[in-house]
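The data block below is work-v6.pdb; it holds PDB, C-alpha atoms.
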```pdb
MODEL        1
ATOM      1  CA  MET A   1      85.209 131.787 -10.738  1.00  0.00           C
ATOM      2  CA  ALA A   2      82.678 132.499  -7.965  1.00  0.00           C
ATOM      3  CA  GLU A   3      80.770 135.772  -7.948  1.00  0.00           C
ATOM      4  CA  ASP A   4      82.092 138.389  -5.555  1.00  0.00           C
ATOM      5  CA  PRO A   5      79.117 140.379  -4.260  1.00  0.00           C
ATOM      6  CA  GLN A   6      81.490 143.107  -3.032  1.00  0.00           C
ATOM      7  CA  LEU A   7      82.893 143.807  -6.516  1.00  0.00           C
ATOM      8  CA  ASN A   8      80.518 146.139  -8.295  1.00  0.00           C
ATOM      9  CA  PRO A   9      81.917 148.147 -11.194  1.00  0.00           C
ATOM     10  CA  ASP A  10      81.694 151.930 -10.999  1.00  0.00           C
ATOM     11  CA  VAL A  11      81.837 152.126 -14.810  1.00  0.00           C
ATOM     12  CA  THR A  12      81.169 149.561 -17.548  1.00  0.00           C
ATOM     13  CA  LEU A  13      82.837 149.852 -20.955  1.00  0.00           C
ATOM     14  CA  ASP A  14      81.635 147.408 -23.627  1.00  0.00           C
ATOM     15  CA  LEU A  15      84.148 147.251 -26.470  1.00  0.00           C
ATOM     16  CA  THR A  16      82.813 144.072 -28.038  1.00  0.00           C
ATOM     17  CA  GLY A  17      83.843 143.982 -31.701  1.00  0.00           C
ATOM     18  CA  VAL A  18      86.768 146.362 -31.219  1.00  0.00           C
ATOM     19  CA  SER A  19      90.157 144.828 -32.011  1.00  0.00           C
ATOM     20  CA  CYS A  20      93.298 145.448 -29.998  1.00  0.00           C
ATOM     21  CA  PRO A  21      94.720 147.840 -28.995  1.00  0.00           C
ATOM     22  CA  GLY A  22      91.267 149.504 -28.854  1.00  0.00           C
ATOM     23  CA  PRO A  23      90.146 147.883 -25.579  1.00  0.00           C
ATOM     24  CA  ILE A  24      93.412 148.848 -23.849  1.00  0.00           C
ATOM     25  CA  ILE A  25      93.188 152.438 -25.096  1.00  0.00           C
ATOM     26  CA  GLY A  26      89.576 152.646 -23.915  1.00  0.00           C
ATOM     27  CA  ALA A  27      90.428 151.159 -20.522  1.00  0.00           C
ATOM     28  CA  LYS A  28      93.359 153.540 -20.083  1.00  0.00           C
ATOM     29  CA  LYS A  29      91.162 156.563 -20.723  1.00  0.00           C
ATOM     30  CA  ILE A  30      88.422 155.474 -18.311  1.00  0.00           C
ATOM     31  CA  VAL A  31      90.716 154.180 -15.535  1.00  0.00           C
ATOM     32  CA  GLY A  32      92.640 157.461 -15.694  1.00  0.00           C
ATOM     33  CA  GLU A  33      89.420 159.263 -14.751  1.00  0.00           C
ATOM     34  CA  LEU A  34      88.514 156.924 -11.855  1.00  0.00           C
ATOM     35  CA  ALA A  35      89.296 157.629  -8.220  1.00  0.00           C
ATOM     36  CA  GLU A  36      91.639 155.322  -6.344  1.00  0.00           C
ATOM     37  CA  GLY A  37      89.929 151.971  -5.649  1.00  0.00           C
ATOM     38  CA  GLU A  38      87.128 152.428  -8.168  1.00  0.00           C
ATOM     39  CA  VAL A  39      86.472 149.600 -10.631  1.00  0.00           C
ATOM     40  CA  LEU A  40      85.976 149.507 -14.398  1.00  0.00           C
ATOM     41  CA  LEU A  41      84.296 146.508 -16.016  1.00  0.00           C
ATOM     42  CA  LEU A  42      85.768 146.190 -19.517  1.00  0.00           C
ATOM     43  CA  ILE A  43      83.930 143.810 -21.840  1.00  0.00           C
ATOM     44  CA  SER A  44      85.936 142.589 -24.818  1.00  0.00           C
ATOM     45  CA  ASP A  45      85.982 139.755 -27.320  1.00  0.00           C
ATOM     46  CA  CYS A  46      89.464 140.508 -28.695  1.00  0.00           C
ATOM     47  CA  PRO A  47      91.740 137.520 -27.924  1.00  0.00           C
ATOM     48  CA  ALA A  48      94.776 139.738 -27.232  1.00  0.00           C
ATOM     49  CA  THR A  49      93.018 141.843 -24.583  1.00  0.00           C
ATOM     50  CA  ASN A  50      93.818 139.465 -21.711  1.00  0.00           C
ATOM     51  CA  GLU A  51      97.598 139.578 -22.036  1.00  0.00           C
ATOM     52  CA  GLU A  52      97.796 143.247 -23.054  1.00  0.00           C
ATOM     53  CA  LEU A  53      95.474 144.375 -20.266  1.00  0.00           C
ATOM     54  CA  HIS A  54      97.351 142.490 -17.538  1.00  0.00           C
ATOM     55  CA  THR A  55     100.681 143.877 -18.790  1.00  0.00           C
ATOM     56  CA  TRP A  56      99.330 147.442 -18.909  1.00  0.00           C
ATOM     57  CA  ALA A  57      97.706 147.189 -15.470  1.00  0.00           C
ATOM     58  CA  GLU A  58     100.878 145.834 -13.856  1.00  0.00           C
ATOM     59  CA  ARG A  59     103.033 148.543 -15.430  1.00  0.00           C
ATOM     60  CA  THR A  60     100.697 151.357 -14.352  1.00  0.00           C
ATOM     61  CA  GLY A  61      99.972 150.364 -10.751  1.00  0.00           C
ATOM     62  CA  ASN A  62      96.396 149.298 -11.460  1.00  0.00           C
ATOM     63  CA  SER A  63      95.133 145.733 -11.165  1.00  0.00           C
ATOM     64  CA  VAL A  64      92.895 143.269 -12.921  1.00  0.00           C
ATOM     65  CA  VAL A  65      91.024 142.001  -9.870  1.00  0.00           C
ATOM     66  CA  ARG A  66      88.793 139.535 -11.684  1.00  0.00           C
ATOM     67  CA  THR A  67      88.244 138.068 -15.135  1.00  0.00           C
ATOM     68  CA  ARG A  68      84.890 136.514 -15.968  1.00  0.00           C
ATOM     69  CA  ARG A  69      83.726 134.581 -19.054  1.00  0.00           C
ATOM     70  CA  LEU A  70      80.530 136.003 -20.501  1.00  0.00           C
ATOM     71  CA  SER A  71      78.164 134.635 -23.109  1.00  0.00           C
ATOM     72  CA  GLY A  72      79.003 134.887 -26.793  1.00  0.00           C
ATOM     73  CA  GLY A  73      82.758 134.513 -26.324  1.00  0.00           C
ATOM     74  CA  HIS A  74      83.094 137.812 -24.465  1.00  0.00           C
ATOM     75  CA  THR A  75      85.211 138.355 -21.375  1.00  0.00           C
ATOM     76  CA  GLY A  76      84.625 140.796 -18.543  1.00  0.00           C
ATOM     77  CA  TYR A  77      87.743 142.312 -16.991  1.00  0.00           C
ATOM     78  CA  TYR A  78      87.377 144.084 -13.653  1.00  0.00           C
ATOM     79  CA  LEU A  79      90.113 146.714 -13.398  1.00  0.00           C
ATOM     80  CA  GLN A  80      90.710 148.529 -10.141  1.00  0.00           C
ATOM     81  CA  ARG A  81      92.381 151.914 -10.136  1.00  0.00           C
ATOM     82  CA  GLY A  82      95.502 151.815  -8.001  1.00  0.00           C
ATOM     83  CA  ARG A  83      97.314 154.522  -6.146  1.00  0.00           C
ATOM     84  CA  ARG A  84      99.951 156.011  -8.344  1.00  0.00           C
ATOM     85  CA  SER A  85     102.153 157.585  -5.721  1.00  0.00           C
ATOM     86  CA  GLN A  86     102.292 158.069  -1.974  1.00  0.00           C
ATOM     87  CA  LEU A  87     103.700 161.567  -2.507  1.00  0.00           C
ATOM     88  CA  GLU A  88     101.419 164.587  -2.098  1.00  0.00           C
ATOM     89  CA  PRO A  89     102.505 167.357  -4.498  1.00  0.00           C
ATOM     90  CA  ASN A  90     102.071 171.028  -3.624  1.00  0.00           C
ATOM     91  CA  VAL A  91     101.456 171.807  -7.299  1.00  0.00           C
ATOM     92  CA  SER A  92     100.413 169.638 -10.270  1.00  0.00           C
ATOM     93  CA  LEU A  93     101.246 170.538 -13.858  1.00  0.00           C
ATOM     94  CA  ASP A  94      99.689 168.454 -16.636  1.00  0.00           C
ATOM     95  CA  MET A  95     101.663 168.910 -19.854  1.00  0.00           C
ATOM     96  CA  ARG A  96     100.282 165.881 -21.725  1.00  0.00           C
ATOM     97  CA  GLY A  97     100.014 166.745 -25.396  1.00  0.00           C
ATOM     98  CA  SER A  98     102.919 169.194 -25.265  1.00  0.00           C
ATOM     99  CA  VAL A  99     106.147 168.209 -27.011  1.00  0.00           C
ATOM    100  CA  CYS A 100     109.600 168.498 -25.478  1.00  0.00           C
ATOM    101  CA  PRO A 101     111.073 170.817 -24.302  1.00  0.00           C
ATOM    102  CA  GLY A 102     107.655 172.346 -23.449  1.00  0.00           C
ATOM    103  CA  PRO A 103     107.090 170.305 -20.267  1.00  0.00           C
ATOM    104  CA  ILE A 104     110.495 171.268 -18.866  1.00  0.00           C
ATOM    105  CA  LEU A 105     110.126 174.947 -19.750  1.00  0.00           C
ATOM    106  CA  GLU A 106     106.729 175.136 -18.019  1.00  0.00           C
ATOM    107  CA  ALA A 107     107.978 173.102 -15.037  1.00  0.00           C
ATOM    108  CA  LYS A 108     110.843 175.558 -14.596  1.00  0.00           C
ATOM    109  CA  LYS A 109     108.403 178.499 -14.500  1.00  0.00           C
ATOM    110  CA  VAL A 110     106.236 176.748 -11.911  1.00  0.00           C
ATOM    111  CA  LEU A 111     109.212 175.679  -9.781  1.00  0.00           C
ATOM    112  CA  ASP A 112     110.613 179.222  -9.835  1.00  0.00           C
ATOM    113  CA  ALA A 113     107.410 180.389  -8.128  1.00  0.00           C
ATOM    114  CA  MET A 114     107.458 177.584  -5.537  1.00  0.00           C
ATOM    115  CA  ALA A 115     109.155 177.633  -2.133  1.00  0.00           C
ATOM    116  CA  SER A 116     112.240 175.552  -1.442  1.00  0.00           C
ATOM    117  CA  GLY A 117     111.304 171.991  -0.449  1.00  0.00           C
ATOM    118  CA  GLU A 118     107.913 172.038  -2.174  1.00  0.00           C
ATOM    119  CA  LEU A 119     106.939 169.219  -4.533  1.00  0.00           C
ATOM    120  CA  LEU A 120     105.770 169.510  -8.152  1.00  0.00           C
ATOM    121  CA  CYS A 121     104.003 166.697 -10.015  1.00  0.00           C
ATOM    122  CA  LEU A 122     104.700 167.102 -13.733  1.00  0.00           C
ATOM    123  CA  ALA A 123     102.647 164.895 -16.067  1.00  0.00           C
ATOM    124  CA  SER A 124     103.965 164.411 -19.590  1.00  0.00           C
ATOM    125  CA  ASN A 125     103.436 161.993 -22.450  1.00  0.00           C
ATOM    126  CA  CYS A 126     106.122 163.316 -24.787  1.00  0.00           C
ATOM    127  CA  PRO A 127     108.194 160.224 -25.726  1.00  0.00           C
ATOM    128  CA  GLY A 128     111.474 161.964 -24.848  1.00  0.00           C
ATOM    129  CA  SER A 129     110.311 163.502 -21.590  1.00  0.00           C
ATOM    130  CA  ARG A 130     111.582 160.786 -19.257  1.00  0.00           C
ATOM    131  CA  ALA A 131     115.216 161.203 -20.270  1.00  0.00           C
ATOM    132  CA  ASP A 132     114.821 164.979 -20.621  1.00  0.00           C
ATOM    133  CA  VAL A 133     113.256 165.512 -17.183  1.00  0.00           C
ATOM    134  CA  GLU A 134     115.724 163.206 -15.430  1.00  0.00           C
ATOM    135  CA  GLY A 135     118.701 165.009 -17.023  1.00  0.00           C
ATOM    136  CA  TRP A 136     117.213 168.440 -16.369  1.00  0.00           C
ATOM    137  CA  ALA A 137     116.546 167.633 -12.700  1.00  0.00           C
ATOM    138  CA  ARG A 138     120.162 166.504 -12.221  1.00  0.00           C
ATOM    139  CA  ALA A 139     121.537 169.592 -13.986  1.00  0.00           C
ATOM    140  CA  THR A 140     119.416 172.049 -11.984  1.00  0.00           C
ATOM    141  CA  GLY A 141     119.852 170.476  -8.564  1.00  0.00           C
ATOM    142  CA  CYS A 142     116.163 169.652  -8.206  1.00  0.00           C
ATOM    143  CA  ARG A 143     115.498 166.302  -6.587  1.00  0.00           C
ATOM    144  CA  LEU A 144     113.498 163.835  -8.669  1.00  0.00           C
ATOM    145  CA  GLU A 145     111.646 162.018  -5.866  1.00  0.00           C
ATOM    146  CA  GLU A 146     109.726 159.546  -8.010  1.00  0.00           C
ATOM    147  CA  VAL A 147     108.823 158.733 -11.603  1.00  0.00           C
ATOM    148  CA  VAL A 148     105.552 156.861 -12.151  1.00  0.00           C
ATOM    149  CA  GLU A 149     104.758 155.366 -15.548  1.00  0.00           C
ATOM    150  CA  VAL A 150     100.992 155.689 -15.928  1.00  0.00           C
ATOM    151  CA  GLY A 151     101.000 154.371 -19.497  1.00  0.00           C
ATOM    152  CA  PRO A 152     103.238 153.989 -22.539  1.00  0.00           C
ATOM    153  CA  HIS A 153     105.292 157.197 -22.751  1.00  0.00           C
ATOM    154  CA  ASP A 154     103.028 158.729 -20.088  1.00  0.00           C
ATOM    155  CA  TRP A 155     104.735 159.687 -16.836  1.00  0.00           C
ATOM    156  CA  GLU A 156     104.247 161.594 -13.632  1.00  0.00           C
ATOM    157  CA  PHE A 157     107.469 163.176 -12.367  1.00  0.00           C
ATOM    158  CA  PHE A 158     107.614 164.213  -8.710  1.00  0.00           C
ATOM    159  CA  ILE A 159     110.197 166.993  -8.521  1.00  0.00           C
ATOM    160  CA  ARG A 160     111.231 168.640  -5.258  1.00  0.00           C
ATOM    161  CA  LYS A 161     112.563 172.177  -5.432  1.00  0.00           C
ATOM    162  CA  SER A 162     115.952 172.435  -3.733  1.00  0.00           C
TER     163      SER A 162
ENDMDL
END
```

Rewrite the structure of this file - the entire thing - as structure tokens.
Amino acid sequence: MAEDPQLNPDVTLDLTGVSCPGPIIGAKKIVGELAEGEVLLLISDCPATNEELHTWAERTGNSVVRTRRLSGGHTGYYLQRGRRSQLEPNVSLDMRGSVCPGPILEAKKVLDAMASGELLCLASNCPGSRADVEGWARATGCRLEEVVEVGPHDWEFFIRKS
């Protein structure tokens, strides 16, 4: 593949010698901290990285923009941070690390203080949160505008107060 002089990584993460899923976990952490459009160069020698990384990137709205063979059997993966949602929330609530029903209870408190029509972005990685938040939104009359999967069991819920 020809060199692209326009593609310079903002961050390089060398996980040579780390077996899967280590490279994917490392990439997820770093890409989550990048701004939209920024690029991570992930270096890995784990044979499963290619398939797992492409699957993860596709599912999370990011993209593998280039793959390059390096010396010693290593591969460089250029991952570009994508835009997760076109919606602009009025308030963001990050409840990652909190177990259900914690995210819903905190979201209710925040929504109670918001004006009608305003948008809340609730982030949660509790495995049951997707079903819980969707059911709760229906039951309360809030409008679930969008659900974005940013990783395995890691979602951003865009909830509009009715």

Point-to-point distance in Å for CA of Ser44 (chain A) and CA of Ser63 (chain A):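 Interatomic distance here is 16.8 Å.
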
Could you list, with a cut-off of 8 Å and counting only C-alpha atoms, the residues of region 44-143 of chain A near region 12-33 of chain A, each shown with its nearest atom pair and the distance in Å rounded to one decimal, rows sorted by chain and ascending number, as a tab-separated table?
```
residue	atom	partner	partner_atom	distance
A:Ser44	CA	A:Thr16	CA	4.7
A:Asp45	CA	A:Thr16	CA	5.4
A:Cys46	CA	A:Ser19	CA	5.5
A:Ala48	CA	A:Cys20	CA	6.5
A:Thr49	CA	A:Cys20	CA	6.5
A:Glu52	CA	A:Ile24	CA	7.2
A:Leu53	CA	A:Ile24	CA	6.1
A:Trp56	CA	A:Ile24	CA	7.8
A:His74	CA	A:Thr16	CA	7.2
A:Leu79	CA	A:Val31	CA	7.8
A:Gln80	CA	A:Val31	CA	7.8
A:Arg81	CA	A:Val31	CA	6.1
```

Report as CSV the residues of region 18-116 of chain A within 9 Å of region 131-136 of chain A, each with its shortest atom pair and distance in Å (one decimal), using all atoms listed in the file, ordered by chain and increasing residue number.
```
residue,atom,partner,partner_atom,distance
A:Cys100,CA,A:Asp132,CA,8.0
A:Pro101,CA,A:Asp132,CA,7.9
A:Pro103,CA,A:Val133,CA,8.4
A:Ile104,CA,A:Val133,CA,6.6
```

Could you check which residues have any atom within 9 Å of (103.2, 162.0, -4.2), counting all atoms listed in the file with coordinates taken straight from the file, and then list them as a PDB file with C-alpha atoms, in the frame of the given file?
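Listed below is the output, selection-v1.pdb:
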```pdb
ATOM      1  CA  ARG A  84      99.951 156.011  -8.344  1.00  0.00           C
ATOM      2  CA  SER A  85     102.153 157.585  -5.721  1.00  0.00           C
ATOM      3  CA  GLN A  86     102.292 158.069  -1.974  1.00  0.00           C
ATOM      4  CA  LEU A  87     103.700 161.567  -2.507  1.00  0.00           C
ATOM      5  CA  GLU A  88     101.419 164.587  -2.098  1.00  0.00           C
ATOM      6  CA  PRO A  89     102.505 167.357  -4.498  1.00  0.00           C
ATOM      7  CA  LEU A 119     106.939 169.219  -4.533  1.00  0.00           C
ATOM      8  CA  LEU A 120     105.770 169.510  -8.152  1.00  0.00           C
ATOM      9  CA  CYS A 121     104.003 166.697 -10.015  1.00  0.00           C
ATOM     10  CA  GLU A 145     111.646 162.018  -5.866  1.00  0.00           C
ATOM     11  CA  GLU A 146     109.726 159.546  -8.010  1.00  0.00           C
ATOM     12  CA  PHE A 158     107.614 164.213  -8.710  1.00  0.00           C
TER      13      PHE A 158
END
```

Contact residues around Cys142 (chain A) with only C-alpha atoms at 6 Å, ignoring same-chain residues under 3 positions, as a VMD selection string: chain A and resid 137 160 to 162

Selected residues written out, C-alpha atoms, as a PDB file, in the frame of the given file:
```pdb
ATOM      1  CA  ALA A 137     116.546 167.633 -12.700  1.00  0.00           C
ATOM      2  CA  ARG A 160     111.231 168.640  -5.258  1.00  0.00           C
ATOM      3  CA  LYS A 161     112.563 172.177  -5.432  1.00  0.00           C
ATOM      4  CA  SER A 162     115.952 172.435  -3.733  1.00  0.00           C
TER       5      SER A 162
END
```

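The nearest approach to Asn8 (chain A) among the residues A:Val148, A:Val99, A:Leu41, A:Leu34, with only C-alpha atoms taken into account, belongs to A:Leu41.
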
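Nearest to Ser92 (chain A) of all the residues A:Glu149, A:Glu38, A:Glu156, A:Glu58 is A:Glu156, based on all atoms listed in the file.
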
Shell around Gly97 (chain A) at 12 Å using all atoms listed in the file, local window under 2 positions removed, as a ChimeraX atom specification: /A:94-95,99-103,123-127,129,153-154

Give me a file of those residues, with C-alpha atoms, as a CSV table (one decimal), keeping the file's coordinate frame.
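part-v3.csv, written as the output of this step:
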```csv
chain,number,residue,atom,x,y,z
A,94,ASP,CA,99.7,168.5,-16.6
A,95,MET,CA,101.7,168.9,-19.9
A,99,VAL,CA,106.1,168.2,-27.0
A,100,CYS,CA,109.6,168.5,-25.5
A,101,PRO,CA,111.1,170.8,-24.3
A,102,GLY,CA,107.7,172.3,-23.4
A,103,PRO,CA,107.1,170.3,-20.3
A,123,ALA,CA,102.6,164.9,-16.1
A,124,SER,CA,104.0,164.4,-19.6
A,125,ASN,CA,103.4,162.0,-22.4
A,126,CYS,CA,106.1,163.3,-24.8
A,127,PRO,CA,108.2,160.2,-25.7
A,129,SER,CA,110.3,163.5,-21.6
A,153,HIS,CA,105.3,157.2,-22.8
A,154,ASP,CA,103.0,158.7,-20.1
```

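Computed from the coordinates, the CA of Gly128 (chain A) to CA of Asn90 (chain A) distance equals 24.9 Å.
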
Distance of CA of Arg59 (chain A) from CA of Glu36 (chain A), expressed in Å to one decimal place: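 Computing the Euclidean distance for CA of Glu36 (chain A) and CA of Arg59 (chain A) yields 16.1 Å.
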
Explicit residues for the PyMOL selection byres ((chain A and resi 66) around 8) (as a PyMOL selection string): chain A and resi 64-65+67-68+77-79

Best match for closeness to Leu42 (chain A) among A:Gly61, A:Pro9, A:Gly72, A:Val110, counting all atoms listed in the file: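 Closest candidate: A:Pro9.
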
Which centre and edge lengths in Å to one decimal define the box along x, y and z that fits every listed atom of region 12-19 of chain A plus 5 Å per side, as lines of an AutoDock Vina configuration file?
```
center_x = 85.7
center_y = 146.9
center_z = -24.8
size_x = 19.0
size_y = 15.9
size_z = 24.5
```

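Minimum atom-to-atom distances from A:Arg96, A:Arg83, A:Arg143, A:Arg69 to Leu111 (chain A) were compared using only C-alpha atoms, and the lowest value belongs to A:Arg143.
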